[in-house]
Structure formats: structure tokens, C-alpha cells
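Undergrad: One structure follows; several queries about it will come next.
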Amino acid sequence: MRPPSPAQPATLFWQTGNAGDPWWQRRPKLRGVNVGGWLVLEPWINTALFRAHPAVAGRDGLAGDPADSEYALCTRLGAATAAAVLGAHRRNWLGAADFHAMAVAGLNAVRVPVGYWGVLPRGRRGRSTSSDPYVGPVWTHLDDALSWAATARLGVLLDLHAHPGGQSGEAHAGRARGDRWTPDDWDVETALDAVAALAGRYGAITAVDGSCSATPPALLGLSVVNEPDEHIPPDVLLAFYRRAYAAARAGGLRAETVAFGDNLVLDLHAYQCFGEGWAAASLADILHTWEPGRGYAGGGNGSGGSGAGERVSELAAVGRTLNRWVLASAWRRSWPPRAPVAAADAAARAFGRAQVTGMAAAGVEGWFFWTWKTDACAAEPWWDFQECLRRGWLDPEWWRSDAVQG
């Protein structure tokens, strides 16, 4: 049953301009953060949780997979213990205070990843996934996130982050199957059921009796898949997008909250830490690629710092984009281990500022940093937005307006 909602306001709090303007002209530039590790676990984010419940040597604690994941964790815990452990984690990992802190940091949006198991009851998970060990549902937590966001004046982008069967073999798709995963494992039909469930919960619909339930005012949109594997045939992926659009619209989501077709917004993940090219690039090389107005030399996709202004030109050429970014980068591998802390901090700050400046110059519709927090014992602070702020690697003044000041 969907939560009660007030009548749909004529203008949502995150909209600008006049009601008659096209939606993309009324949407502010989004400056946001992801809340990874909350409703979809990842071992490198939730390090303490996985260390507290490790895979025991000599037993198949990884469920036959090459690496750990939420699937493997739930399998080795068993249903009852998994429900208790994950329930406690979800209640304590994130709260209203976090959303307030995001707003204080000058952000206006938050991306909330959720797995299919959080929105589909076990009996509707499809034949291939009906026995999956995941713990659900998570509707109460999604409702809370939308409520906390509205109070903090943040927009929410819901992200169907993990699909049945996996849209890839990576742990962030729920189960880390690696090369054992194939595109045939992706259960498209059940994934569409999950899209429909989210749309049905949060779309504006009119009942038979004429009553109307409204979209939560904080809802910016729905992202229907995260990082689908490159080996999924393009025609299969495009067919999924078309059907997902239809399912979301049928559920009552407004056209401006479903980013497809004429309302296309591309979701890019412009990381600079994966690929051999980035491993060979220096900090100076990478900063060079973010210099606005320097043209385009081609490359990208892990090619390293191959051209002045390359990243800015790539983003600008694509059109309307939402970019996911991080302070993690391969240049850190070659950073002198005994370099002064002040020098390392200055380098990280330069890298962060270059990306914020470059994305603004490229005119991206918005960005979402990955991620809001990680466990302290993860020992990778450049993925942790709050830690990046604390260390001065990121500065909210850079994004409080589109014009980035020194």
C-alpha cells in the first residue's frame, strides 16, 4: 500500500522558472551525492559489516562466487540472521541528519540505490531469482528518504541499482559472479516488474473512485538500471529501456521524472581510476584533461590523460548528462608514499576542483559524487564525500553556483 501524500503541488520545490517552460529548463543543475552501501551493500563500502560476518575458510561462504557480495553475505547468515543484521544496518547507516548535512554542504540532490529485492516480494521475483537470499522489502526506508529529502529541500533520484540475475557480474549488482555471469543471466522481465513496482508506489495515479495519489514532491526521477555490462547486446538493452519507460509512465510517473526518449538524460560514470591508461597517467596529465576550452584530442574510456580538455569536451559533446564522479584515481598509485601530507592534500584538492570546474564548463545537467560515506576501516577516504569535505579536498563554494570561483 502506497503512503498517503498531499495533493500534487503545481510547482515542486526543486523546480525553477515558469510552469509553461519545458521541464529541462525548470530543473536546476543538480549537485548531489549517492548513498551507496545503504540499501545495496558493497564489501568495500560496508567493510565493518562484512568483517563482522566473514566467509569462513574451508566453507563456501562466497556461495560459489569469486568474490564477496550481499548475496553471499545473506546466504551464509541464513534468512533469520540476515534479516536481523541487515535490518539493523539499514536503520543505522543513514538518517534525517545526513540529509540535513547534505543540504548544509550545498547539495540539492541525492541518488538512492535500491536492489530489486527491496521492491518486489519474494513471490514476484521470477523463477530464476525466487530463491535469492536477499532481505526485503525496503519501502519504509525509501519512504523515509523521500520524506527526509523534502524536509531538507533535496531532490531524490531513485536508482534501480541491482537487477534480478544481475545486469553485470559485479558485486554492486547484488552478486559478484565475475566472468561466470553472462547477459543471459539478466532477468529482464522481472527487472521490468521492479520498475513497475517503483512507479506504482511513487507515481501519481487516479483510482476508480476518482481519488488521486500524488508523486512525492522530492522525487526527481527514476534511473532504471545502473552500469549494465558492455556485453549486453545493444538491441536488448535498448528494448529494455523502451519497455522500462512504458512501465514507469503506466505507473504514473510524470514525463519529467522518466529520463528517456525526448526527455533523454544520459547517466555517465566518468571515473579516472579504472583502465590501464589511467594507471600510466600522472596527476598533471589528468588535470590537463579537465581544462575547459582546450579542445578535444579523443580517447577517454580509460585512456588516461591524452588530450587537453578531453573530459570537458566529451561531456559537452554528449548533450544532457548526469555524471557520477569520485576523487579516486589511478594517479594515487604512483604518488610518493612519503610525500608530505600537505602536498597530498593539495593534490587531491586540485583534482576535485578540476572536476567540478570542468563539469560546470561542460554544462552537465548535474552530478552525483560516489559516495556519501564509507566505513572508516575501508581506508579509502577519497570515496567518502564527508571525509573529502573534512580534509579540504572538496569545497562547497565550488558548486554553490555554476560559476566556480577560486
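Identifiers for the C-alpha cells are assigned positionally: chains receive A, B, ... in sequence, residues are indexed from 1 per chain, and ligands are indexed from 1 in the order shown.
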Can you list, as a PyMOL selection string, every residue of region 133-381 of chain A that DSSP puts in strand (DSSP E)?
TA: chain A and resi 155-162+205-206+212-213+219-223+266-269+321-325+366-369
Undergrad: So that each row is one residue of region 155-201 of chain A with an atom at most 10 Å from region 98-111 of chain A, can you give its shortest atom pair and the distance in Å to one decimal, using only C-alpha atoms, rows by chain and rising number, as a Markdown table?
TA:
```
| residue | atom | partner | partner_atom | distance |
| --- | --- | --- | --- | --- |
| A:Gly155 | CA | A:Ala109 | CA | 4.4 |
| A:Val156 | CA | A:Val110 | CA | 5.1 |
| A:Leu157 | CA | A:Arg111 | CA | 4.6 |
| A:Leu158 | CA | A:Arg111 | CA | 5.9 |
| A:Asp159 | CA | A:Arg111 | CA | 6.7 |
```
Undergrad: Determine, counting only C-alpha atoms, which protein, DNA and RNA residues have an atom within 12 Å of an atom of Leu120 (chain A); residues of the same chain fewer than 3 positions away are not included. Present the result as a VMD selection string.
TA: chain A and resid 114 to 117 123 to 126 129 to 130 132 134 to 139 160 163 to 164 190 to 198 200 to 201
Undergrad: Can you check which parts of region 34-70 of chain A lie within 9 Å of region 80-96 of chain A? Per residue, the shortest pair of atoms and distance in Å to one decimal, counting only C-alpha atoms, sorted by chain and number, as CSV.
TA:
```
residue,atom,partner,partner_atom,distance
A:Val35,CA,A:Leu94,CA,8.3
A:Gly37,CA,A:Trp93,CA,8.2
A:Trp38,CA,A:Arg90,CA,6.0
A:Leu39,CA,A:Arg90,CA,6.7
A:Leu49,CA,A:His89,CA,8.3
```
Undergrad: Restricting it to N, CA and C atoms, dump the selection as an mmCIF file, in the first residue's frame.
TA:
```
data_model
loop_
_atom_site.group_PDB
_atom_site.id
_atom_site.type_symbol
_atom_site.label_atom_id
_atom_site.label_comp_id
_atom_site.auth_asym_id
_atom_site.auth_seq_id
_atom_site.Cartn_x
_atom_site.Cartn_y
_atom_site.Cartn_z
ATOM 1 N N VAL A 35 24.010 7.580 -1.978
ATOM 2 C CA VAL A 35 24.033 6.934 -0.659
ATOM 3 C C VAL A 35 24.272 5.436 -0.867
ATOM 4 N N GLY A 37 25.885 1.734 -0.243
ATOM 5 C CA GLY A 37 26.110 0.977 0.968
ATOM 6 C C GLY A 37 24.962 0.987 1.954
ATOM 7 N N TRP A 38 23.848 1.597 1.574
ATOM 8 C CA TRP A 38 22.700 1.639 2.481
ATOM 9 C C TRP A 38 21.729 0.501 2.164
ATOM 10 N N LEU A 39 21.054 0.582 1.027
ATOM 11 C CA LEU A 39 20.072 -0.434 0.647
ATOM 12 C C LEU A 39 20.643 -1.463 -0.322
ATOM 13 N N LEU A 49 30.839 -4.332 8.358
ATOM 14 C CA LEU A 49 29.752 -5.310 8.355
ATOM 15 C C LEU A 49 30.234 -6.653 7.817
#
```
Undergrad: Using only C-alpha atoms, which protein or nucleic acid residues come within 12 Å of Gly319 (chain A)? Drop anything in the same chain fewer than 4 positions from it, and give the result as a count of residues only.
TA: 16
Undergrad: Would you mind listing what lies within 10 Å of region 349-357 of chain A as a PyMOL selection string, with only C-alpha atoms counted and same-chain residues fewer than 2 positions away left out?
TA: chain A and resi 31+270+283-284+286-292+311-312+325-329+343-347+359-362+367+382+388-389+391-395+398-399+402-406
Undergrad: Would you mind listing what lies within 12 Å of Asp68 (chain A) as a compact mmCIF listing (two decimals) with C-alpha atoms, in the first residue's frame, with only C-alpha atoms counted and same-chain residues fewer than 4 positions away left out?
TA:
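Generated output (result.txt):
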```
# COMPACT_ATOMS: atom_id res chain seq x y z
CA LEU A 41 25.67 -3.42 0.18
CA GLU A 42 29.21 -3.45 -1.19
CA PRO A 43 32.06 -5.10 0.71
CA TRP A 44 34.49 -2.22 0.13
CA ASN A 46 30.49 -1.71 4.27
CA THR A 47 33.84 -3.12 5.36
CA LEU A 49 29.75 -5.31 8.36
CA PHE A 50 31.47 -7.87 6.13
CA ARG A 51 34.37 -8.25 8.57
CA HIS A 53 30.37 -11.77 9.33
CA PRO A 54 33.26 -13.13 7.26
CA ALA A 55 33.36 -16.03 4.89
CA VAL A 56 34.98 -18.83 6.91
CA ASP A 60 31.71 -21.97 0.78
CA GLY A 61 30.95 -18.61 2.39
CA LEU A 62 31.02 -16.93 -1.01
CA ALA A 63 28.12 -19.01 -2.37
CA GLY A 64 30.39 -20.38 -5.09
CA ALA A 72 26.96 -14.25 -0.40
CA LEU A 73 26.58 -12.49 2.95
CA CYS A 74 22.85 -13.25 3.14
CA THR A 75 23.48 -16.85 2.08
CA ARG A 76 25.97 -17.59 4.84
CA GLY A 169 28.66 -9.78 -12.68
CA GLU A 170 29.82 -7.05 -10.31
CA ALA A 171 29.11 -7.00 -6.57
CA HIS A 172 27.17 -3.74 -6.88
CA ALA A 173 24.60 -5.68 -8.93
CA GLY A 174 23.96 -7.81 -5.84
CA ARG A 175 26.10 -10.84 -6.59
CA ALA A 176 29.78 -10.92 -7.58
CA ARG A 177 29.87 -13.61 -10.24
CA GLY A 178 32.66 -12.12 -12.32
```
Undergrad: Find, counting only C-alpha atoms, the residue in A:Glu397, A:Glu189, A:Glu276, A:Asp285 that gets nearest to Ala239 (chain A).
TA: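 Checking each candidate against Ala239 (chain A), we get A:Glu189 as the closest.
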Undergrad: Using backbone DSSP assignments, extract all helix (DSSP H, G or I) residues from region 115-235 of chain A; output them as a compact mmCIF listing (two decimals) with C-alpha atoms, in the first residue's frame.
TA:
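part.txt, written as the output of this step:
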```txt
# COMPACT_ATOMS: atom_id res chain seq x y z
CA TYR A 116 15.13 -5.32 -6.96
CA TRP A 117 14.65 -7.40 -3.81
CA GLY A 118 13.76 -4.23 -1.95
CA ARG A 122 9.73 -12.96 -2.98
CA GLY A 123 6.78 -14.48 -4.84
CA ARG A 124 7.19 -11.94 -7.67
CA TRP A 139 9.70 0.53 1.17
CA THR A 140 9.78 2.10 4.63
CA HIS A 141 13.37 3.21 4.07
CA LEU A 142 12.60 4.65 0.63
CA ASP A 143 9.60 6.50 2.07
CA ASP A 144 11.85 7.85 4.82
CA ALA A 145 14.44 9.01 2.30
CA LEU A 146 11.83 10.93 0.31
CA SER A 147 10.47 12.49 3.49
CA TRP A 148 13.90 13.44 4.85
CA ALA A 149 14.82 14.89 1.47
CA ALA A 150 11.68 17.01 1.27
CA THR A 151 12.40 18.42 4.73
CA ALA A 152 15.99 19.21 3.71
CA ALA A 171 29.11 -7.00 -6.57
CA HIS A 172 27.17 -3.74 -6.88
CA ALA A 173 24.60 -5.68 -8.93
CA GLY A 178 32.66 -12.12 -12.32
CA ASP A 179 33.28 -13.95 -15.59
CA ARG A 180 30.70 -16.58 -14.63
CA PRO A 183 23.99 -11.45 -20.41
CA ASP A 184 21.56 -14.39 -20.46
CA ASP A 185 21.53 -14.29 -16.64
CA VAL A 188 14.67 -8.54 -17.97
CA GLU A 189 11.04 -9.43 -17.28
CA THR A 190 11.46 -9.36 -13.51
CA ALA A 191 13.55 -6.19 -13.77
CA LEU A 192 10.60 -4.56 -15.53
CA ASP A 193 8.37 -5.74 -12.68
CA ALA A 194 10.68 -3.87 -10.30
CA VAL A 195 10.45 -0.70 -12.42
CA ALA A 196 6.68 -1.01 -12.41
CA ALA A 197 6.66 -1.51 -8.64
CA LEU A 198 8.63 1.70 -8.05
CA ALA A 199 6.45 3.64 -10.47
CA GLY A 200 3.30 2.24 -8.92
CA ARG A 201 4.44 3.23 -5.47
CA TYR A 202 5.50 6.77 -6.29
CA PRO A 234 22.69 -3.05 -27.69
CA ASP A 235 19.35 -4.08 -29.16
```
Undergrad: Please provide as a PyMOL selection string all residues within 8 Å of Asn226 (chain A), with the sequence filter that same-chain residues fewer than 2 positions apart are discarded (counting only C-alpha atoms).
TA: chain A and resi 159-162+167+223-224+228
